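Asker: I'd like to ask some things about the structure below.
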4 protein chains.
Amino acid sequence: MSKPDQGIRTDIGWSDASSITLFGRDFPAEILGRLNLGDMGFLELTGRIPTASESVMFNAMVVTLVEHGITPSALVARLTYLGAPESLQGAVAAGLNGLGTVFVGSIEGSAKMLNEAMPEARKDADFKGIARAVATSFQERRAIVPGIGHPFHKPIDPRTPRLFQIAAETGFDGPYLTLISAIAEEAGQLSGRTLPVNATGAIGALCCEMGFDWKICRGLGVMARAVGLVGHILEETRNPMAAKIWHSVEAEATAHFHKEHD
Amino acid sequence: MSKPDQGIRTDIGWSDASSITLFGRDFPAEILGRLNLGDMGFLELTGRIPTASESVMFNAMVVTLVEHGITPSALVARLTYLGAPESLQGAVAAGLNGLGTVFVGSIEGSAKMLNEAMPEARKDADFKGIARAVATSFQERRAIVPGIGHPFHKPIDPRTPRLFQIAAETGFDGPYLTLISAIAEEAGQLSGRTLPVNATGAIGALCCEMGFDWKICRGLGVMARAVGLVGHILEETRNPMAAKIWHSVEAEATAHFHKEHD
Amino acid sequence: MSKPDQGIRTDIGWSDASSITLFGRDFPAEILGRLNLGDMGFLELTGRIPTASESVMFNAMVVTLVEHGITPSALVARLTYLGAPESLQGAVAAGLNGLGTVFVGSIEGSAKMLNEAMPEARKDADFKGIARAVATSFQERRAIVPGIGHPFHKPIDPRTPRLFQIAAETGFDGPYLTLISAIAEEAGQLSGRTLPVNATGAIGALCCEMGFDWKICRGLGVMARAVGLVGHILEETRNPMAAKIWHSVEAEATAHFHKEHD
Amino acid sequence: MSKPDQGIRTDIGWSDASSITLFGRDFPAEILGRLNLGDMGFLELTGRIPTASESVMFNAMVVTLVEHGITPSALVARLTYLGAPESLQGAVAAGLNGLGTVFVGSIEGSAKMLNEAMPEARKDADFKGIARAVATSFQERRAIVPGIGHPFHKPIDPRTPRLFQIAAETGFDGPYLTLISAIAEEAGQLSGRTLPVNATGAIGALCCEMGFDWKICRGLGVMARAVGLVGHILEETRNPMAAKIWHSVEAEATAHFHKEHD
C-alpha cells in the first residue's frame with residue numbers, strides 16, 4: 001500500500017499462530033496476570049511496563065476519573081441504551097462523545113498551561129514568579145485558569161490532598177505539583193477568592209510529572225470514563241431512569257404549547 | 001420529576017461539599033490509591049471491592065481485551081482522528097462503535113450459552129452430557145459455537161492456557177470452565193476439527209464464574225478496548241497511517257473508473 | 001491491496017482534476033441544483049435518480065422521520081453538546097447511536113415482516129389470509145406486531161392517512177400497503193383493541209413497495225434524524241436545557257443519600 | 001424540574017393524540033408531502049418554510065456535501081459495520097465523528113472569516129480592501145485561508161461555478177460571494193499561486209448569505225454526510241471492502257515484525 005520508506009507501520013504489537021507480542025513483551029507470559037488494567041493504560045501511553053510507584057500513581061489518576069455519578073455523559077449512555085439496548089458499545093460510545101473541552105478538557109488545559117510555563121521540569125525554578133506571570137496572563141485575558149477552583153467542592157476538592165499524598169508516597173511530588181499549587185495561590189490572591197487545585201488540575205500536573213504529551217491527557221479521562229459508563233448502563237438495566245427523564249422533560253418542555261391550546 | 005415510589009434514583013454515589021461517596025465507600029480514603037483501574041471496573045459491575053483473587057482474575061480478563069493490534073476498531077479510531085484531531089474522545093467513541101456481535105459479541109455469546117446450559121453452577125453436573133447436547137444443538141442449527149476455535153491462533157489460542165492457569169491460582173477454575181472445555185471437545189468431535197477454547201470463550205466462562213449477567217459481558221470488552229484505542233491514537237500522532245490508508249484505498253477502489261477513461 | 005478478482009472497488013463515484021462523477025452522472029451538471037437532499041438519499045439507495053413520483057414519495061418518507069420533538073436522541077445530542085460544544089458532529093453522532101431496535105427498529109421490523117409474509121408483491125394475494133397467519137403467529141409468540149398501534153396517537157397516527165394519500169397520488173399504494181392494513185385489522189381483532197397502522201409501519205410498507213432491502217430501512221431513519229438533531233443543537237445554543245436537566249436529575253437521583261445524612 | 005422563569009422549553013414542536021405541530025405548522029397537512037428533506041433542514045435551521053429560491057439554493061448546498069466517495073468517514077462507517085452489522089446507526093454515527101476541523105471545518109472556517117471581515121452584508125463594501133486585509137492577516141499568521149484552493153481539483157473545483165450559477169439564479173449571489181472571490185484573488189496574488197474558491201468556501205459564503213450563524217454551518221455537512229454514509233453501508237453489504245482493508249493494513253503494518261523473526 002505504500003513505499004518502504006513511508007510505510008504503514010505499527011510498533012504496538014503482532015502475533016503469529018502461537019504467540020502474541022505487545023510492546024516487545026510476550027503477552028501471555030509477561031503481561032497477562034501480571035499487569036492490571038491501569039498498568040495496561042500506562043503501557044499503551046509509554047511503551048513501558050510501569051514501576052511499582054508508577055503503577056500506584058497512574059492507577060490513582062485514572063481511578064479518579066472513572067465515576068462522577070450522574071453526569072451528562074452518564075445520562076447520555078442511559079438514554080442511548082433506552083433506544084438501542086442491543087448495542088451496549090453504542091451507549092458507551094455516545095457517552096464518551098461528551099468528554100470534550102468543557103469537562104475533561106481541564107486536564108489537558110492544565111497540563112498545557114504547566115508545560116508552556118515550564119517546558120523543562122526544574123526543582124529550583126522561580127515557582128512564585130512563574131505562577132504570578134501565568135495567573136496574571138489568564139486574568140488579563142479574562143480566562144479561567146484550568147485545574148483550580150471547584151463549583152461545588154469547597155473549600156477544597158477532597159480528591160486533591162489524597163492525590164498529592166499518593167504523589168508524595170510514590171515520588172511524583174515534583175516541580176509541576178509545586179507549580180500548580182503556586183498558580184492556585186497567585187490566582188486566588190488576584191481574584192480575592194480561595195481557588196485551590198482541583199482533581200483535574202492535580203491530574204494535569206501529574207501528567208506533566210510523568211512526561212505525557214498534553215495532547216493525550218484527555219485520553220486518561222476517556223479510558224477511565226468508559227469503565228464508569230458500563231456501570232451506569234448496568235444500573236440502568238436494574239433501576240431505569242432514562243424513560244422517566246425523557247417523559248418528564250418532554251412534558252415540561254412542551255407545557256407552554258399545551259397551555260396555549262387549553 | 002417522578003413520584004417517590006417510582007423515582008429517579010442512583011445508588012452509585014453522591015457527594016457534598018467535602019466528601020465523595022461511591023458504592024458506599026469514602027472515595028478519597030477507601031478507593032483512591034487502593035484500587036486499580038480494573039478493580040474500579042469490578043466495583044462498577046458488582047458494587048463490591050474485589051478480593052485479592054477477584055482482583056487478579058478480573059484484571060486478567062479485561063487486560064486480555066485491551067489490545068489486539070491493528071483491528072477494525074483501531075483503524076476506525078485512527079481514521080476518525082485524521083478528520084477531527086481536536087476530539088480524541090470522538091475517535092475513541094467511533095472505535096468502540098464496532099465492538100458489536102461479530103467481535104466482542106462472542107464473549108456474551110459464550111456466557112449466554114453456558115448460562116442457559118447450566119443456569120446454576122454445579123460441580124457434579126454431567127458436563128459431557130450437557131456439552132454434547134449444546135454442541136449438537138449448534139450443529140443442527142448450523143450455527144457457530146461461540147468461544148471456541150480461532151481463525152489464526154492454531155492449534156491453540158496462547159491466551160487460553162494462561163487464563164485457565166490464573167483461574168486455577170485464584171480459585172475461579174469452576175464448573176463453567178469445565179463446561180466450556182467439554183463443549184469444545186464435543187464440538188471438535190462432531191466437526192472432525194480441533195476447536196479449542198479461545199480467549200473470548202475463556203472470558204465468557206469466567207464471567208459466568210463471577211456471576212455476571214451475560215448482557216453486561218460485552219461491557220468488559222468495551223471498557224478494555226477504550227484503553228487500547230487511546231494507545232492507537234497516540235501512535236497515530238507519532239507515526240500516522242490513516243491518510244496513507246485512505247489514499248491507497250481510494251486509488252484502488254476507483255481504479256476501474258480511471259481505467260475506463262484512459 | 002488485493003487481487004483483481006477480489007479487489008477493493010466502489011461503484012459510487014470518482015473524480016479527476018476537472019470532473020466529479022457520482023452514480024454514473026456528472027455531479028455538477030446533472031445532480032447539483034437538480035436533485036434535493038431526499039433525492040440524493042434515493043440515489044444512494046438505488047443508484048438511480050428518482051422519477052417525480054418517487055421523489056415525492058421518498059421525501060415524504062424521510063421527512064416523516066426528521067423531527068419527533070424531545071426524544072431520547074434529541075436529549076442525547078443536547079447533553080453531549082454541553083460537554084463538547086466544539087464538536088457538533090460528535091453531538092449528532094451520539095444522538096444517532098440511540099436509533100436502535102426500540103425506536104427506529106420498527107421500520108425494519110415491519111418491512112421484514114411484510115417481505116417474509118409476501119416475498120413477491122402480488123396484487124391478487126390472499127391479503128386477509130396472509131394477514132391472519134402473520135397476526136396469529138405474533139400472538140402465539142406473544143410478540144408485538146411492528147408498525148401498528150401507537151402509545152400516544154389515538155385513535156390513529158395522524159401521519160398515516162397522509163402517507164397513504166401521498167402513496168395513492170404517486171402510485172405507491174400497492175400490495176404491501178394493503179397487507180399491512182390487513183395485518184393491523186387482524187391483529188386488532190385478535191387483541192380486541194384498535195391497532196391502526198402507525199407511521200413507521202406505513203414507512204416500512206412503503207420501503208417494500210420501493211424494493212428496499214429491509215436491512216437498510218433503518219437507514220432512512222438515520223439519515224432523516226441527523227437533519228433533526230442539528231435543529232435541536234441549534235435550539236440548545238439559544239435556549240439551553242441540558243445543564244438544567246443534568247442538575248435536576250442529579251438532585252433527584254441522589255436525594256435519598258442526602259436525606260440519610262441529614 | 002425548573003422554575004417557570006428559567007424553564008426547560010422547546011419551541012420546535014409538540015403533539016397531542018390527534019395532531020402534530022412542528023415550527024408552528026400542522027405537520028401532516030402543511031409539511032408532509034410538501035417539503036423535501038433539504039427543506040426540512042432549512043426549517044430546522046430557520047424555523048421557516050423556505051421560499052422556492054431558498055429551497056433550490058439550500059438543497060444544492062447540502063447535496064454538495066452528501067457524497068465524496070471513499071473518504072475517511074466512509075471507511076470508518078464500513079469498518080464499523082464489519083464489527084457491528086446489527087447497528088447501522090452506530091456505523092453512521094462513527095463515520096460522522098470524523099467530520100471535524102480538518103474536513104468539514106472549512107465551511108465554518110470560511111463562514112466565520114467572512115462574517116468577521118464583514119459583519120453586516122453591504123453591497124457597496126470595499127471588497128478589494130477587505131479581502132487584502134484578510135489575506136494579509138492569514139499570511140502573517142502563516143495560516144491557511146479556509147475555503148480556497150484544492151489539493152486535487154485544479155485549476156478549479158468544478159462544483160464552485162455551478163454553485164455560483166445557482167446562487168445567481170436564486171438571488172443569493174450577494175456580497176459574501178463577492179467577498180470570498182476577492183479574498184481568493186488576493187490570497188492567490190500574495191502566494192503566487194492560483195487559489196480559486198472551493199466548494200466548502202462557496203458553501204461557507206452562501207451560509208453567510210442565508211444568515212446562518214457560523215457555529216451551526218458544520219451542521220450542513222453533518223446532515224448531508226449522514227445521507228451519504230447510508231449509501232456506503234449499503235454498498236458494503238453488497239461488495240464489501242472493510243475486511244480486505246483490515247487484513248491488508250494489518251499485514252503491511254506488522255511486516256517488519258515478521259521480517260525480524262524469519
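Lettering and numbering for the C-alpha cells are positional, with chains as A, B, ... in the shown order, residues counted from 1 in each chain, and ligands counted from 1 in the shown order.
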Quick one: everything within 10 Å of stretch 217-222 of chain D, counting only C-alpha atoms, minus sequence neighbours fewer than 6 positions away in the same chain. Send it as a PyMOL selection string.
Answerer: (chain C and resi 87-90+92-93+223+226-227+229-231+233-234) or (chain D and resi 38+41-42+45+58+61-66+95-101+103-112+200+203-204+207-208)
Asker: Using only C-alpha atoms, what does the table of chain A residues within 12 Å of chain C look like, with each row giving the shortest atom pair and its distance in Å to one decimal, sorted by chain and ascending number, as a tab-separated table?
Answerer:
residue	atom	partner	partner_atom	distance
A:Met1	CA	C:Met1	CA	6.2
A:Ser2	CA	C:Met1	CA	9.9
A:His68	CA	C:Glu250	CA	10.8
A:Gly69	CA	C:Glu250	CA	8.1
A:Ile70	CA	C:Glu250	CA	5.4
A:Thr71	CA	C:Trp246	CA	6.8
A:Pro72	CA	C:Leu79	CA	5.6
A:Ser73	CA	C:Thr80	CA	7.0
A:Ala74	CA	C:Trp246	CA	9.8
A:Leu75	CA	C:Val76	CA	7.7
A:Val76	CA	C:Val76	CA	5.0
A:Ala77	CA	C:Val76	CA	8.2
A:Arg78	CA	C:Val76	CA	9.2
A:Leu79	CA	C:Pro72	CA	5.6
A:Thr80	CA	C:Gly98	CA	4.3
A:Tyr81	CA	C:Gly98	CA	6.5
A:Leu82	CA	C:Gly98	CA	7.2
A:Gly83	CA	C:Gly98	CA	4.7
A:Ala84	CA	C:Gly100	CA	4.1
A:Pro85	CA	C:Gly100	CA	7.5
A:Glu86	CA	C:Thr101	CA	7.3
A:Ser87	CA	C:Gly100	CA	7.8
A:Leu88	CA	C:Asn97	CA	10.1
A:Gln89	CA	C:Asn97	CA	9.5
A:Gly90	CA	C:Asn97	CA	5.7
A:Ala91	CA	C:Asn97	CA	6.9
A:Val92	CA	C:Ala94	CA	9.5
A:Ala93	CA	C:Ala94	CA	7.3
A:Ala94	CA	C:Ala94	CA	4.2
A:Gly95	CA	C:Ala94	CA	7.3
A:Leu96	CA	C:Thr80	CA	8.6
A:Asn97	CA	C:Gly90	CA	5.7
A:Gly98	CA	C:Thr80	CA	4.3
A:Leu99	CA	C:Gly83	CA	5.9
A:Gly100	CA	C:Ala84	CA	4.1
A:Thr101	CA	C:Ala84	CA	5.6
A:Val102	CA	C:Gly83	CA	4.9
A:Phe103	CA	C:Gly83	CA	5.9
A:Val104	CA	C:Gly83	CA	8.4
A:Gly105	CA	C:Ala84	CA	9.0
A:Ser106	CA	C:Gly83	CA	11.5
A:Asn239	CA	C:Ala253	CA	11.1
A:Pro240	CA	C:Ala253	CA	11.1
A:Met241	CA	C:Ala253	CA	8.8
A:Ala242	CA	C:Pro72	CA	8.0
A:Ala243	CA	C:Pro72	CA	8.1
A:Lys244	CA	C:Val249	CA	10.1
A:Ile245	CA	C:Val249	CA	7.6
A:Trp246	CA	C:Pro72	CA	6.0
A:His247	CA	C:Thr71	CA	8.7
A:Ser248	CA	C:Ile245	CA	9.8
A:Val249	CA	C:Ile245	CA	7.6
A:Glu250	CA	C:Ile70	CA	5.4
A:Ala251	CA	C:Ile70	CA	9.0
A:Glu252	CA	C:Ile70	CA	10.2
A:Ala253	CA	C:Ile70	CA	7.9
A:Thr254	CA	C:Ile70	CA	8.6
Asker: Got time to write the residues from that selection, C-alpha atoms, as a PDB file, in the first residue's frame?
Answerer:
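Wrote selection.pdb, looks like this:
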ATOM      1  CA  MET A   1       0.000   0.000   0.000  1.00  0.00           C
ATOM      2  CA  SER A   2       2.953   2.340   0.385  1.00  0.00           C
ATOM      3  CA  HIS A  68     -18.535  11.087  38.854  1.00  0.00           C
ATOM      4  CA  GLY A  69     -22.119   9.934  39.436  1.00  0.00           C
ATOM      5  CA  ILE A  70     -24.945  11.450  37.397  1.00  0.00           C
ATOM      6  CA  THR A  71     -23.008  13.380  34.770  1.00  0.00           C
ATOM      7  CA  PRO A  72     -24.226  14.413  31.326  1.00  0.00           C
ATOM      8  CA  SER A  73     -22.158  11.515  29.941  1.00  0.00           C
ATOM      9  CA  ALA A  74     -23.887   9.027  32.221  1.00  0.00           C
ATOM     10  CA  LEU A  75     -27.289  10.383  31.198  1.00  0.00           C
ATOM     11  CA  VAL A  76     -26.298  10.127  27.537  1.00  0.00           C
ATOM     12  CA  ALA A  77     -25.254   6.494  27.930  1.00  0.00           C
ATOM     13  CA  ARG A  78     -28.523   5.648  29.714  1.00  0.00           C
ATOM     14  CA  LEU A  79     -30.737   7.493  27.210  1.00  0.00           C
ATOM     15  CA  THR A  80     -28.931   5.840  24.298  1.00  0.00           C
ATOM     16  CA  TYR A  81     -29.308   2.398  25.843  1.00  0.00           C
ATOM     17  CA  LEU A  82     -33.059   3.025  26.096  1.00  0.00           C
ATOM     18  CA  GLY A  83     -33.303   3.144  22.304  1.00  0.00           C
ATOM     19  CA  ALA A  84     -30.642   0.568  21.428  1.00  0.00           C
ATOM     20  CA  PRO A  85     -30.282  -1.963  24.266  1.00  0.00           C
ATOM     21  CA  GLU A  86     -28.749  -4.426  21.791  1.00  0.00           C
ATOM     22  CA  SER A  87     -25.763  -2.122  21.399  1.00  0.00           C
ATOM     23  CA  LEU A  88     -24.056  -1.573  24.752  1.00  0.00           C
ATOM     24  CA  GLN A  89     -20.982  -0.353  22.909  1.00  0.00           C
ATOM     25  CA  GLY A  90     -23.027   2.363  21.205  1.00  0.00           C
ATOM     26  CA  ALA A  91     -24.298   3.623  24.549  1.00  0.00           C
ATOM     27  CA  VAL A  92     -20.762   3.880  25.949  1.00  0.00           C
ATOM     28  CA  ALA A  93     -19.558   5.485  22.721  1.00  0.00           C
ATOM     29  CA  ALA A  94     -22.334   8.071  22.888  1.00  0.00           C
ATOM     30  CA  GLY A  95     -21.433   8.853  26.499  1.00  0.00           C
ATOM     31  CA  LEU A  96     -17.770   9.348  25.653  1.00  0.00           C
ATOM     32  CA  ASN A  97     -18.601  11.859  22.914  1.00  0.00           C
ATOM     33  CA  GLY A  98     -19.344  14.491  25.548  1.00  0.00           C
ATOM     34  CA  LEU A  99     -15.893  14.343  27.150  1.00  0.00           C
ATOM     35  CA  GLY A 100     -14.813  17.477  25.365  1.00  0.00           C
ATOM     36  CA  THR A 101     -13.399  20.846  26.252  1.00  0.00           C
ATOM     37  CA  VAL A 102     -15.932  21.644  28.974  1.00  0.00           C
ATOM     38  CA  PHE A 103     -15.398  18.722  31.330  1.00  0.00           C
ATOM     39  CA  VAL A 104     -12.372  16.537  30.737  1.00  0.00           C
ATOM     40  CA  GLY A 105     -10.691  19.339  28.819  1.00  0.00           C
ATOM     41  CA  SER A 106      -9.418  20.927  32.033  1.00  0.00           C
ATOM     42  CA  ASN A 239     -33.383   0.528  38.031  1.00  0.00           C
ATOM     43  CA  PRO A 240     -34.031   2.505  34.861  1.00  0.00           C
ATOM     44  CA  MET A 241     -34.295   6.273  34.838  1.00  0.00           C
ATOM     45  CA  ALA A 242     -33.949   7.105  31.115  1.00  0.00           C
ATOM     46  CA  ALA A 243     -37.605   6.758  30.138  1.00  0.00           C
ATOM     47  CA  LYS A 244     -38.674   8.765  33.195  1.00  0.00           C
ATOM     48  CA  ILE A 245     -36.272  11.559  32.313  1.00  0.00           C
ATOM     49  CA  TRP A 246     -37.474  11.594  28.717  1.00  0.00           C
ATOM     50  CA  HIS A 247     -41.161  11.782  29.612  1.00  0.00           C
ATOM     51  CA  SER A 248     -40.614  14.346  32.315  1.00  0.00           C
ATOM     52  CA  VAL A 249     -38.506  16.636  30.143  1.00  0.00           C
ATOM     53  CA  GLU A 250     -40.853  16.299  27.191  1.00  0.00           C
ATOM     54  CA  ALA A 251     -43.833  17.246  29.366  1.00  0.00           C
ATOM     55  CA  GLU A 252     -42.088  20.255  30.835  1.00  0.00           C
ATOM     56  CA  ALA A 253     -40.531  21.454  27.587  1.00  0.00           C
ATOM     57  CA  THR A 254     -43.847  21.401  25.730  1.00  0.00           C
TER      58      THR A 254
END
Asker: Show me, as a count of residues only, the residues that have an atom within 12 Å of A:Phe138 when counting only C-alpha atoms, minus same-chain residues fewer than 3 positions from it.
Answerer: 18
Asker: Taking the DSSP secondary structure from the backbone, can you list the residues of stretch 3-237 of chain B that are strand (DSSP E or B), as a PyMOL selection string?
Answerer: chain B and resi 13-15+20-22+25-26+148+197
Asker: Write the residues of the selection above to a file with C-alpha atoms, as a CSV table (one decimal), in the first residue's frame.
Answerer:
chain,number,residue,atom,x,y,z
B,13,GLY,CA,-22.7,7.5,44.6
B,14,TRP,CA,-23.1,11.1,45.7
B,15,SER,CA,-21.1,13.9,47.1
B,20,ILE,CA,-17.4,11.9,47.8
B,21,THR,CA,-19.0,8.5,48.4
B,22,LEU,CA,-19.0,5.8,45.7
B,25,ARG,CA,-17.2,3.9,50.3
B,26,ASP,CA,-15.4,7.1,51.1
B,148,ILE,CA,-14.2,-22.0,20.5
B,197,VAL,CA,-11.5,-22.8,23.8
Asker: Using backbone DSSP assignments, extract all alpha helix (DSSP H) residues from stretch 17-245 of chain D; output them as a PyMOL selection string.
Answerer: chain D and resi 37-46+52-66+72-83+88-96+105-117+127-140+159-170+175-191+199-209+218-238+242-245
Asker: Kindly indicate which residue among A:Gly171, A:Pro196, A:Gly228, A:Gly188 lies nearest to A:Ser53, using only C-alpha atoms for the distances.
Answerer: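 Smallest distance to A:Ser53 is found for A:Gly171.
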Asker: Atom CA of B:Gly7 to atom CA of B:Ile216: how many Å, to one decimal?
Answerer: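 Atom-to-atom, atom CA of B:Gly7 and atom CA of B:Ile216 are spaced 23.9 Å apart.
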Asker: In Å, rounded to a single decimal, give me how far atom CA of B:His232 is from atom CA of B:Ala205.
Answerer: 28.8 Å
Asker: In Å to one decimal, how far is atom CA of A:Glu54 from atom CA of B:Leu32?
Answerer: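 Taking atom CA of B:Leu32 as the start and atom CA of A:Glu54 as the end point, the length is 14.5 Å.
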Asker: If we count only C-alpha atoms and set the cut-off at 12 Å, which residues sit around A:His153, ignoring sequence neighbours fewer than 2 positions away in its own chain? Please answer as number ranges by chain.
Answerer: A: 148-151, 155-160, 194-199; B: 15-20
Asker: Stretch 175-179 of chain D: which residues within 6 Å, counting only C-alpha atoms, same-chain residues fewer than 2 positions away excluded, as an mmCIF file with N, CA, C and O atoms, in the first residue's frame?
Answerer:
data_model
loop_
_atom_site.group_PDB
_atom_site.id
_atom_site.type_symbol
_atom_site.label_atom_id
_atom_site.label_comp_id
_atom_site.auth_asym_id
_atom_site.auth_seq_id
_atom_site.Cartn_x
_atom_site.Cartn_y
_atom_site.Cartn_z
ATOM 1 N N LYS D 123 -23.522 45.786 -0.008
ATOM 2 C CA LYS D 123 -23.272 45.659 -1.444
ATOM 3 C C LYS D 123 -22.197 46.617 -1.920
ATOM 4 O O LYS D 123 -21.557 46.391 -2.947
ATOM 5 N N PHE D 127 -14.668 45.670 -1.208
ATOM 6 C CA PHE D 127 -14.343 44.246 -1.204
ATOM 7 C C PHE D 127 -12.851 43.991 -1.357
ATOM 8 O O PHE D 127 -12.270 43.155 -0.676
ATOM 9 N N ASP D 173 -26.491 35.536 -4.958
ATOM 10 C CA ASP D 173 -25.141 35.949 -5.361
ATOM 11 C C ASP D 173 -24.851 37.341 -4.791
ATOM 12 O O ASP D 173 -24.648 38.299 -5.524
ATOM 13 N N SER D 181 -14.682 35.619 -3.276
ATOM 14 C CA SER D 181 -13.960 35.639 -4.559
ATOM 15 C C SER D 181 -12.796 36.631 -4.505
ATOM 16 O O SER D 181 -11.694 36.342 -4.994
ATOM 17 N N ALA D 182 -13.045 37.767 -3.860
ATOM 18 C CA ALA D 182 -11.980 38.775 -3.735
ATOM 19 C C ALA D 182 -10.849 38.261 -2.841
ATOM 20 O O ALA D 182 -9.670 38.480 -3.120
ATOM 21 N N ALA D 205 -19.718 30.846 2.230
ATOM 22 C CA ALA D 205 -20.211 32.171 1.833
ATOM 23 C C ALA D 205 -21.731 32.166 1.688
ATOM 24 O O ALA D 205 -22.409 33.124 2.095
#
